[in-house]
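K.L.:
For reference, the file entry.txt (compact mmCIF, C-alpha atoms and all ligand atoms) is included below:
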# COMPACT_ATOMS: atom_id res chain seq x y z
CA MET Y 28 -18.42 -12.92 -3.48
CA GLU Y 29 -16.86 -10.21 -5.61
CA ILE Y 30 -15.29 -6.98 -4.43
CA ILE Y 31 -13.48 -4.18 -6.25
CA PHE Y 32 -9.88 -3.47 -5.29
CA ALA Y 33 -9.36 0.16 -6.31
CA THR Y 34 -5.97 -0.28 -7.98
CA ASN Y 35 -4.39 -0.88 -11.35
CA ASN Y 36 -0.99 -1.56 -9.77
CA THR Y 37 -0.27 -5.18 -10.68
CA HIS Y 38 2.31 -5.54 -7.87
CA LYS Y 39 -0.33 -4.60 -5.29
CA LEU Y 40 -2.89 -6.84 -6.94
CA ASP Y 41 -0.52 -9.81 -6.84
CA GLU Y 42 0.31 -9.12 -3.18
CA VAL Y 43 -3.33 -8.87 -2.14
CA ARG Y 44 -4.40 -11.86 -4.25
CA ALA Y 45 -1.64 -13.91 -2.62
CA ILE Y 46 -3.27 -13.30 0.76
CA LEU Y 47 -6.96 -13.39 -0.08
CA GLY Y 48 -6.33 -16.23 -2.53
CA LYS Y 49 -9.29 -17.76 -4.20
CA ARG Y 50 -11.56 -17.00 -1.29
CA ILE Y 51 -12.87 -13.82 -2.88
CA HIS Y 52 -12.96 -12.53 -6.45
CA LEU Y 53 -11.07 -9.25 -6.76
CA LYS Y 54 -12.09 -6.94 -9.57
CA THR Y 55 -9.68 -4.22 -10.68
CA LEU Y 56 -10.51 -0.65 -11.70
CA ARG Y 57 -9.86 -1.47 -15.34
CA GLN Y 58 -12.35 -4.33 -15.15
CA CYS Y 59 -14.92 -1.78 -13.88
CA GLY Y 60 -14.17 0.63 -16.73
CA ILE Y 61 -12.44 3.18 -14.46
CA THR Y 62 -9.35 4.29 -16.34
CA GLU Y 63 -8.80 7.80 -15.00
CA GLU Y 64 -6.48 8.50 -12.08
CA ILE Y 65 -8.41 8.51 -8.81
CA PRO Y 66 -8.02 11.69 -6.76
CA GLU Y 67 -5.75 11.45 -3.69
CA GLU Y 68 -5.77 14.96 -2.24
CA GLN Y 69 -6.10 14.37 1.48
CA PRO Y 70 -3.46 15.30 4.07
CA THR Y 71 -3.37 11.80 5.60
CA ILE Y 72 -2.90 8.24 4.38
CA GLU Y 73 -6.22 7.24 5.91
CA GLY Y 74 -7.95 10.21 4.22
CA ASN Y 75 -6.58 9.21 0.83
CA ALA Y 76 -7.60 5.57 1.23
CA LEU Y 77 -11.14 6.69 2.11
CA GLN Y 78 -11.24 9.20 -0.75
CA LYS Y 79 -10.26 6.49 -3.25
CA ALA Y 80 -12.79 3.97 -1.89
CA ARG Y 81 -15.60 6.59 -1.89
CA TYR Y 82 -14.79 7.62 -5.46
CA VAL Y 83 -15.01 4.04 -6.70
CA HIS Y 84 -18.14 3.34 -4.67
CA GLN Y 85 -19.86 6.42 -6.12
CA ARG Y 86 -18.90 5.38 -9.67
CA THR Y 87 -19.93 1.73 -9.36
CA GLY Y 88 -22.34 1.40 -6.42
CA SER Y 89 -20.40 -1.75 -5.48
CA ASP Y 90 -18.58 -2.91 -2.38
CA CYS Y 91 -14.93 -1.95 -2.73
CA PHE Y 92 -11.70 -1.29 -0.92
CA ALA Y 93 -8.73 0.99 -1.59
CA ASP Y 94 -5.31 1.23 -0.02
CA ASP Y 95 -2.90 4.05 0.51
CA THR Y 96 0.67 3.73 1.71
CA GLY Y 97 3.33 6.08 2.95
CA LEU Y 98 6.97 5.65 3.89
CA GLU Y 99 7.70 7.57 7.11
CA VAL Y 100 11.34 8.40 7.78
CA ASP Y 101 12.14 9.51 11.33
CA ALA Y 102 15.11 11.73 10.44
CA LEU Y 103 12.86 13.59 7.95
CA ASN Y 104 10.06 14.11 10.49
CA GLY Y 105 7.87 11.48 8.83
CA ALA Y 106 8.47 12.53 5.21
CA PRO Y 107 7.76 11.51 2.48
CA GLY Y 108 4.69 10.06 4.28
CA VAL Y 109 1.45 10.91 2.51
CA HIS Y 110 3.53 12.44 -0.33
CA SER Y 111 5.43 9.19 -1.02
CA ALA Y 112 4.16 8.80 -4.61
CA ARG Y 113 5.02 12.36 -5.64
CA TYR Y 114 8.08 13.01 -3.52
CA ALA Y 115 10.55 14.01 -6.27
CA THR Y 116 8.22 14.85 -9.15
CA ASP Y 117 4.53 15.24 -9.97
CA GLY Y 118 4.43 11.78 -11.49
CA HIS Y 119 5.00 8.36 -9.96
CA ASP Y 120 8.72 8.29 -10.70
CA PHE Y 121 9.90 5.53 -8.36
CA ALA Y 122 13.61 5.90 -9.23
CA ALA Y 123 13.59 9.68 -8.75
CA ASN Y 124 11.77 9.31 -5.41
CA ARG Y 125 14.38 6.83 -4.15
CA ALA Y 126 17.26 9.01 -5.33
CA LEU Y 127 15.85 12.08 -3.58
CA LEU Y 128 15.31 10.16 -0.34
CA LEU Y 129 18.87 8.80 -0.36
CA GLU Y 130 20.17 12.30 -1.07
CA ARG Y 131 18.19 13.82 1.82
CA LEU Y 132 19.50 11.09 4.16
CA HIS Y 133 23.10 11.43 3.00
CA GLY Y 134 25.37 11.39 6.06
CA THR Y 135 22.47 10.68 8.44
CA THR Y 136 22.99 7.82 10.87
CA ASN Y 137 19.37 7.61 12.09
CA ARG Y 138 17.80 5.73 9.17
CA ARG Y 139 14.74 4.40 10.98
CA ALA Y 140 11.60 4.28 8.85
CA ARG Y 141 8.31 2.49 8.50
CA PHE Y 142 5.78 1.71 5.79
CA ARG Y 143 2.22 2.43 6.83
CA THR Y 144 -0.74 1.16 4.80
CA VAL Y 145 -4.37 1.97 5.41
CA ILE Y 146 -7.08 0.00 3.64
CA ALA Y 147 -10.50 1.65 3.46
CA LEU Y 148 -13.41 -0.72 2.87
CA ILE Y 149 -16.94 0.22 1.87
CA LEU Y 150 -19.26 -2.70 2.53
CA ASP Y 151 -23.04 -2.43 2.54
CA GLU Y 152 -22.70 1.38 2.57
CA ARG Y 153 -20.56 1.32 5.75
CA GLU Y 154 -16.93 2.46 5.95
CA TYR Y 155 -14.13 0.60 7.76
CA THR Y 156 -10.35 1.10 7.90
CA PHE Y 157 -7.54 -1.37 8.58
CA GLU Y 158 -3.91 -0.41 9.23
CA GLY Y 159 -0.68 -2.32 8.65
CA ILE Y 160 2.79 -1.14 9.65
CA VAL Y 161 6.24 -2.57 9.09
CA GLU Y 162 9.23 -1.02 10.86
CA GLY Y 163 12.68 -0.98 9.28
CA HIS Y 164 15.49 1.20 7.98
CA ILE Y 165 16.61 2.96 4.82
CA THR Y 166 19.80 1.60 3.22
CA GLU Y 167 22.73 3.69 1.99
CA CYS Y 168 22.20 2.54 -1.59
CA GLU Y 169 19.78 0.49 -3.68
CA ALA Y 170 19.74 -3.31 -3.67
CA GLY Y 171 17.46 -5.78 -5.45
CA GLU Y 172 15.30 -5.94 -8.55
CA GLY Y 173 11.95 -7.10 -7.16
CA GLY Y 174 8.94 -5.22 -5.84
CA PHE Y 175 8.33 -1.58 -6.66
CA GLY Y 176 8.52 1.94 -5.24
CA TYR Y 177 10.90 2.26 -2.30
CA ASP Y 178 11.47 -1.52 -2.00
CA PRO Y 179 15.16 -1.41 -3.10
CA ILE Y 180 16.08 0.92 -0.20
CA PHE Y 181 13.97 -0.50 2.65
CA VAL Y 182 15.11 -3.30 4.97
CA PRO Y 183 12.39 -4.55 7.34
CA GLU Y 184 13.29 -5.00 11.00
CA GLY Y 185 14.91 -8.37 11.73
CA CYS Y 186 15.89 -8.86 8.07
CA THR Y 187 19.16 -8.39 6.18
CA GLN Y 188 17.70 -7.94 2.70
CA THR Y 189 15.70 -5.10 1.16
CA PHE Y 190 12.10 -5.83 0.14
CA ALA Y 191 13.38 -5.79 -3.47
CA GLU Y 192 15.93 -8.55 -2.75
CA MET Y 193 13.47 -10.92 -1.06
CA PRO Y 194 11.35 -13.48 -2.84
CA ALA Y 195 7.86 -11.99 -3.37
CA GLU Y 196 6.36 -14.59 -1.01
CA GLU Y 197 8.52 -13.32 1.85
CA LYS Y 198 7.60 -9.66 1.28
CA ASN Y 199 3.95 -10.70 1.02
CA ARG Y 200 4.21 -12.48 4.37
CA ILE Y 201 5.59 -9.55 6.38
CA SER Y 202 4.77 -6.34 4.49
CA HIS Y 203 2.70 -3.40 5.71
CA ARG Y 204 0.12 -4.18 3.02
CA ALA Y 205 0.02 -7.85 4.03
CA ARG Y 206 -0.66 -6.85 7.63
CA ALA Y 207 -3.49 -4.52 6.63
CA VAL Y 208 -4.95 -7.14 4.27
CA GLU Y 209 -4.81 -9.78 7.00
CA ARG Y 210 -6.92 -7.48 9.20
CA LEU Y 211 -9.31 -6.92 6.30
CA ALA Y 212 -9.49 -10.69 5.74
CA ALA Y 213 -10.18 -11.37 9.43
CA PHE Y 214 -12.99 -8.79 9.34
CA LEU Y 215 -14.53 -10.26 6.17
CA GLN Y 216 -14.27 -13.70 7.73
CA GLY Y 217 -16.08 -12.44 10.85
CA GLU Y 218 -18.83 -11.05 8.60
CA GLY Y 219 -19.17 -14.49 6.99
CA ILE Y 220 -18.07 -13.07 3.60
CA LEU Y 221 -14.75 -14.85 3.42
CA THR Y 222 -14.38 -18.52 4.17
CA SER Y 223 -11.38 -19.74 6.17
CA GLU Y 224 -8.90 -21.68 4.01
P1 LIG K 1 0.10 4.34 -2.97
O1 LIG K 1 -0.54 5.68 -3.02
O2 LIG K 1 -0.54 3.40 -2.03
O3 LIG K 1 0.30 3.74 -4.32
O4 LIG K 1 1.55 4.52 -2.38
C1 LIG K 1 2.28 5.70 -2.47
C2 LIG K 1 3.72 5.42 -2.81
O5 LIG K 1 4.30 4.65 -1.78
C3 LIG K 1 3.93 4.63 -4.09
O6 LIG K 1 4.07 5.47 -5.20
C4 LIG K 1 5.21 3.90 -3.81
O7 LIG K 1 6.29 4.72 -4.16
C5 LIG K 1 5.19 3.72 -2.32
N1 LIG K 1 4.79 2.36 -1.97
C6 LIG K 1 3.54 1.90 -1.72
N2 LIG K 1 3.58 0.60 -1.39
C7 LIG K 1 4.88 0.23 -1.46
C8 LIG K 1 5.56 -1.01 -1.25
O8 LIG K 1 4.99 -2.05 -0.95
N3 LIG K 1 6.88 -0.98 -1.42
C9 LIG K 1 7.57 0.15 -1.76
N4 LIG K 1 7.00 1.31 -1.99
C10 LIG K 1 5.65 1.36 -1.83
Let me see the structure of the file written as structure tokens.
P.N.:
Amino acid sequence: MEIIFATNNTHKLDEVRAILGKRIHLKTLRQCGITEEIPEEQPTIEGNALQKARYVHQRTGSDCFADDTGLEVDALNGAPGVHSARYATDGHDFAANRALLLERLHGTTNRRARFRTVIALILDEREYTFEGIVEGHITECEAGEGGFGYDPIFVPEGCTQTFAEMPAEEKNRISHRARAVERLAAFLQGEGILTSE
């Protein structure tokens, strides 16, 4: 079984491959000849995940899934949320996004936040969504070299290290994306598409 994962982000691909393993062949956008940026113009994370999956399905006619993630910070009323990728600038400037977030939280004691991922799957022309959430807090300053995006400033609940300080296997075990992918995997297993390991 082969399915398109609508991403060219190698970090995400590694994370998802680590969970789905060899049980399913994941094709990337590049492997499907899709090189342009996929539109993400919806006001919600779920809307963006669906928009990306629909775009790829229309272009390829194949079964596919897409994910969208937002970091929701309580003291900022849920921002950056759906705007996480373009928080500081129009591009995907991870360092600028982190710097702006730390600046906006300067002097704030309530640093509670969560990552929320929604995966939208299109399988046999039907649409499904799967959510994964990890609660945590935003640090005062950056720590760690691993991961990507907001990883150096996010400590998951019950942990002492940021996502960027942890070994990749640990992040992949507890992350928002891992939780959403596990739900996707359980669904595909129920459909008889994915074998149990
Ligand atoms: P995307 O649209 O799913 O790529 O996610 C939007 C933004 O959220 C990205 O540009 C990253 O800054 C951030 N993000 C997504 N997933 C993660 C993660 O696992 N760790 C840290 N930041 C992430």
K.L.:
Take the point (1.8, -5.6, 5.5) in the file's coordinates, draw a sphere of radius 8 Å around it, and report as a VMD selection string every protein, DNA or RNA residue with an atom inside or on it, counting all atoms listed in the file.
P.N.:
chain Y and resid 144 159 to 161 199 to 209
K.L.:
Would you write out those residues with C-alpha atoms, as a PDB file, in the coordinates of the input?
P.N.:
ATOM      1  CA  THR Y 144      -0.740   1.160   4.800  1.00  0.00           C
ATOM      2  CA  GLY Y 159      -0.680  -2.320   8.650  1.00  0.00           C
ATOM      3  CA  ILE Y 160       2.790  -1.140   9.650  1.00  0.00           C
ATOM      4  CA  VAL Y 161       6.240  -2.570   9.090  1.00  0.00           C
ATOM      5  CA  ASN Y 199       3.950 -10.700   1.020  1.00  0.00           C
ATOM      6  CA  ARG Y 200       4.210 -12.480   4.370  1.00  0.00           C
ATOM      7  CA  ILE Y 201       5.590  -9.550   6.380  1.00  0.00           C
ATOM      8  CA  SER Y 202       4.770  -6.340   4.490  1.00  0.00           C
ATOM      9  CA  HIS Y 203       2.700  -3.400   5.710  1.00  0.00           C
ATOM     10  CA  ARG Y 204       0.120  -4.180   3.020  1.00  0.00           C
ATOM     11  CA  ALA Y 205       0.020  -7.850   4.030  1.00  0.00           C
ATOM     12  CA  ARG Y 206      -0.660  -6.850   7.630  1.00  0.00           C
ATOM     13  CA  ALA Y 207      -3.490  -4.520   6.630  1.00  0.00           C
ATOM     14  CA  VAL Y 208      -4.950  -7.140   4.270  1.00  0.00           C
ATOM     15  CA  GLU Y 209      -4.810  -9.780   7.000  1.00  0.00           C
TER      16      GLU Y 209
END
K.L.:
Using all atoms listed in the file for the distances, tell me which of Y:Leu98, Y:Glu152, Y:Asn36, Y:Asn104 is nearest to Asp178 of chain Y.
P.N.:
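The closest residue to Asp178 of chain Y is Y:Leu98.
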K.L.:
Just checking: using all atoms listed in the file, which residue out of Y:Leu211, Y:Ala93, Y:Ala170, Y:Ala140 ends up closest to ligand LIG 1 (chain K)?
P.N.:
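Of all the options, Y:Ala93 lies closest to ligand LIG 1 (chain K).
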K.L.:
Determine the nearest neighbour of ligand LIG 1 (chain K) from the options Y:Asp120, Y:Glu184, Y:Glu167, Y:Asp90, counting all atoms listed in the file.
P.N.:
Y:Asp120
K.L.:
Could you list, as a short mmCIF file (atom, residue, chain, number, x, y, z; two decimals) with C-alpha atoms, in the coordinates of the input, all protein and nucleic acid residues with an atom at most 7 Å from ligand LIG 1 (chain K), counting only C-alpha atoms and all ligand atoms?
P.N.:
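Saved file part.cif follows:
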data_model
loop_
_atom_site.label_atom_id
_atom_site.label_comp_id
_atom_site.auth_asym_id
_atom_site.auth_seq_id
_atom_site.Cartn_x
_atom_site.Cartn_y
_atom_site.Cartn_z
CA ASP Y 94 -5.31 1.23 -0.02
CA ASP Y 95 -2.90 4.05 0.51
CA THR Y 96 0.67 3.73 1.71
CA GLY Y 97 3.33 6.08 2.95
CA LEU Y 98 6.97 5.65 3.89
CA SER Y 111 5.43 9.19 -1.02
CA ALA Y 112 4.16 8.80 -4.61
CA ARG Y 113 5.02 12.36 -5.64
CA HIS Y 119 5.00 8.36 -9.96
CA PHE Y 121 9.90 5.53 -8.36
CA GLY Y 174 8.94 -5.22 -5.84
CA PHE Y 175 8.33 -1.58 -6.66
CA GLY Y 176 8.52 1.94 -5.24
CA TYR Y 177 10.90 2.26 -2.30
CA ASP Y 178 11.47 -1.52 -2.00
CA SER Y 202 4.77 -6.34 4.49
CA ARG Y 204 0.12 -4.18 3.02
#
K.L.:
As a VMD selection string, please: the residues near Ile51 of chain Y (cut-off 10 Å, all atoms listed in the file, same-chain neighbours under 6 positions excluded).
P.N.:
chain Y and resid 28 to 30 44 212 215 220 to 222
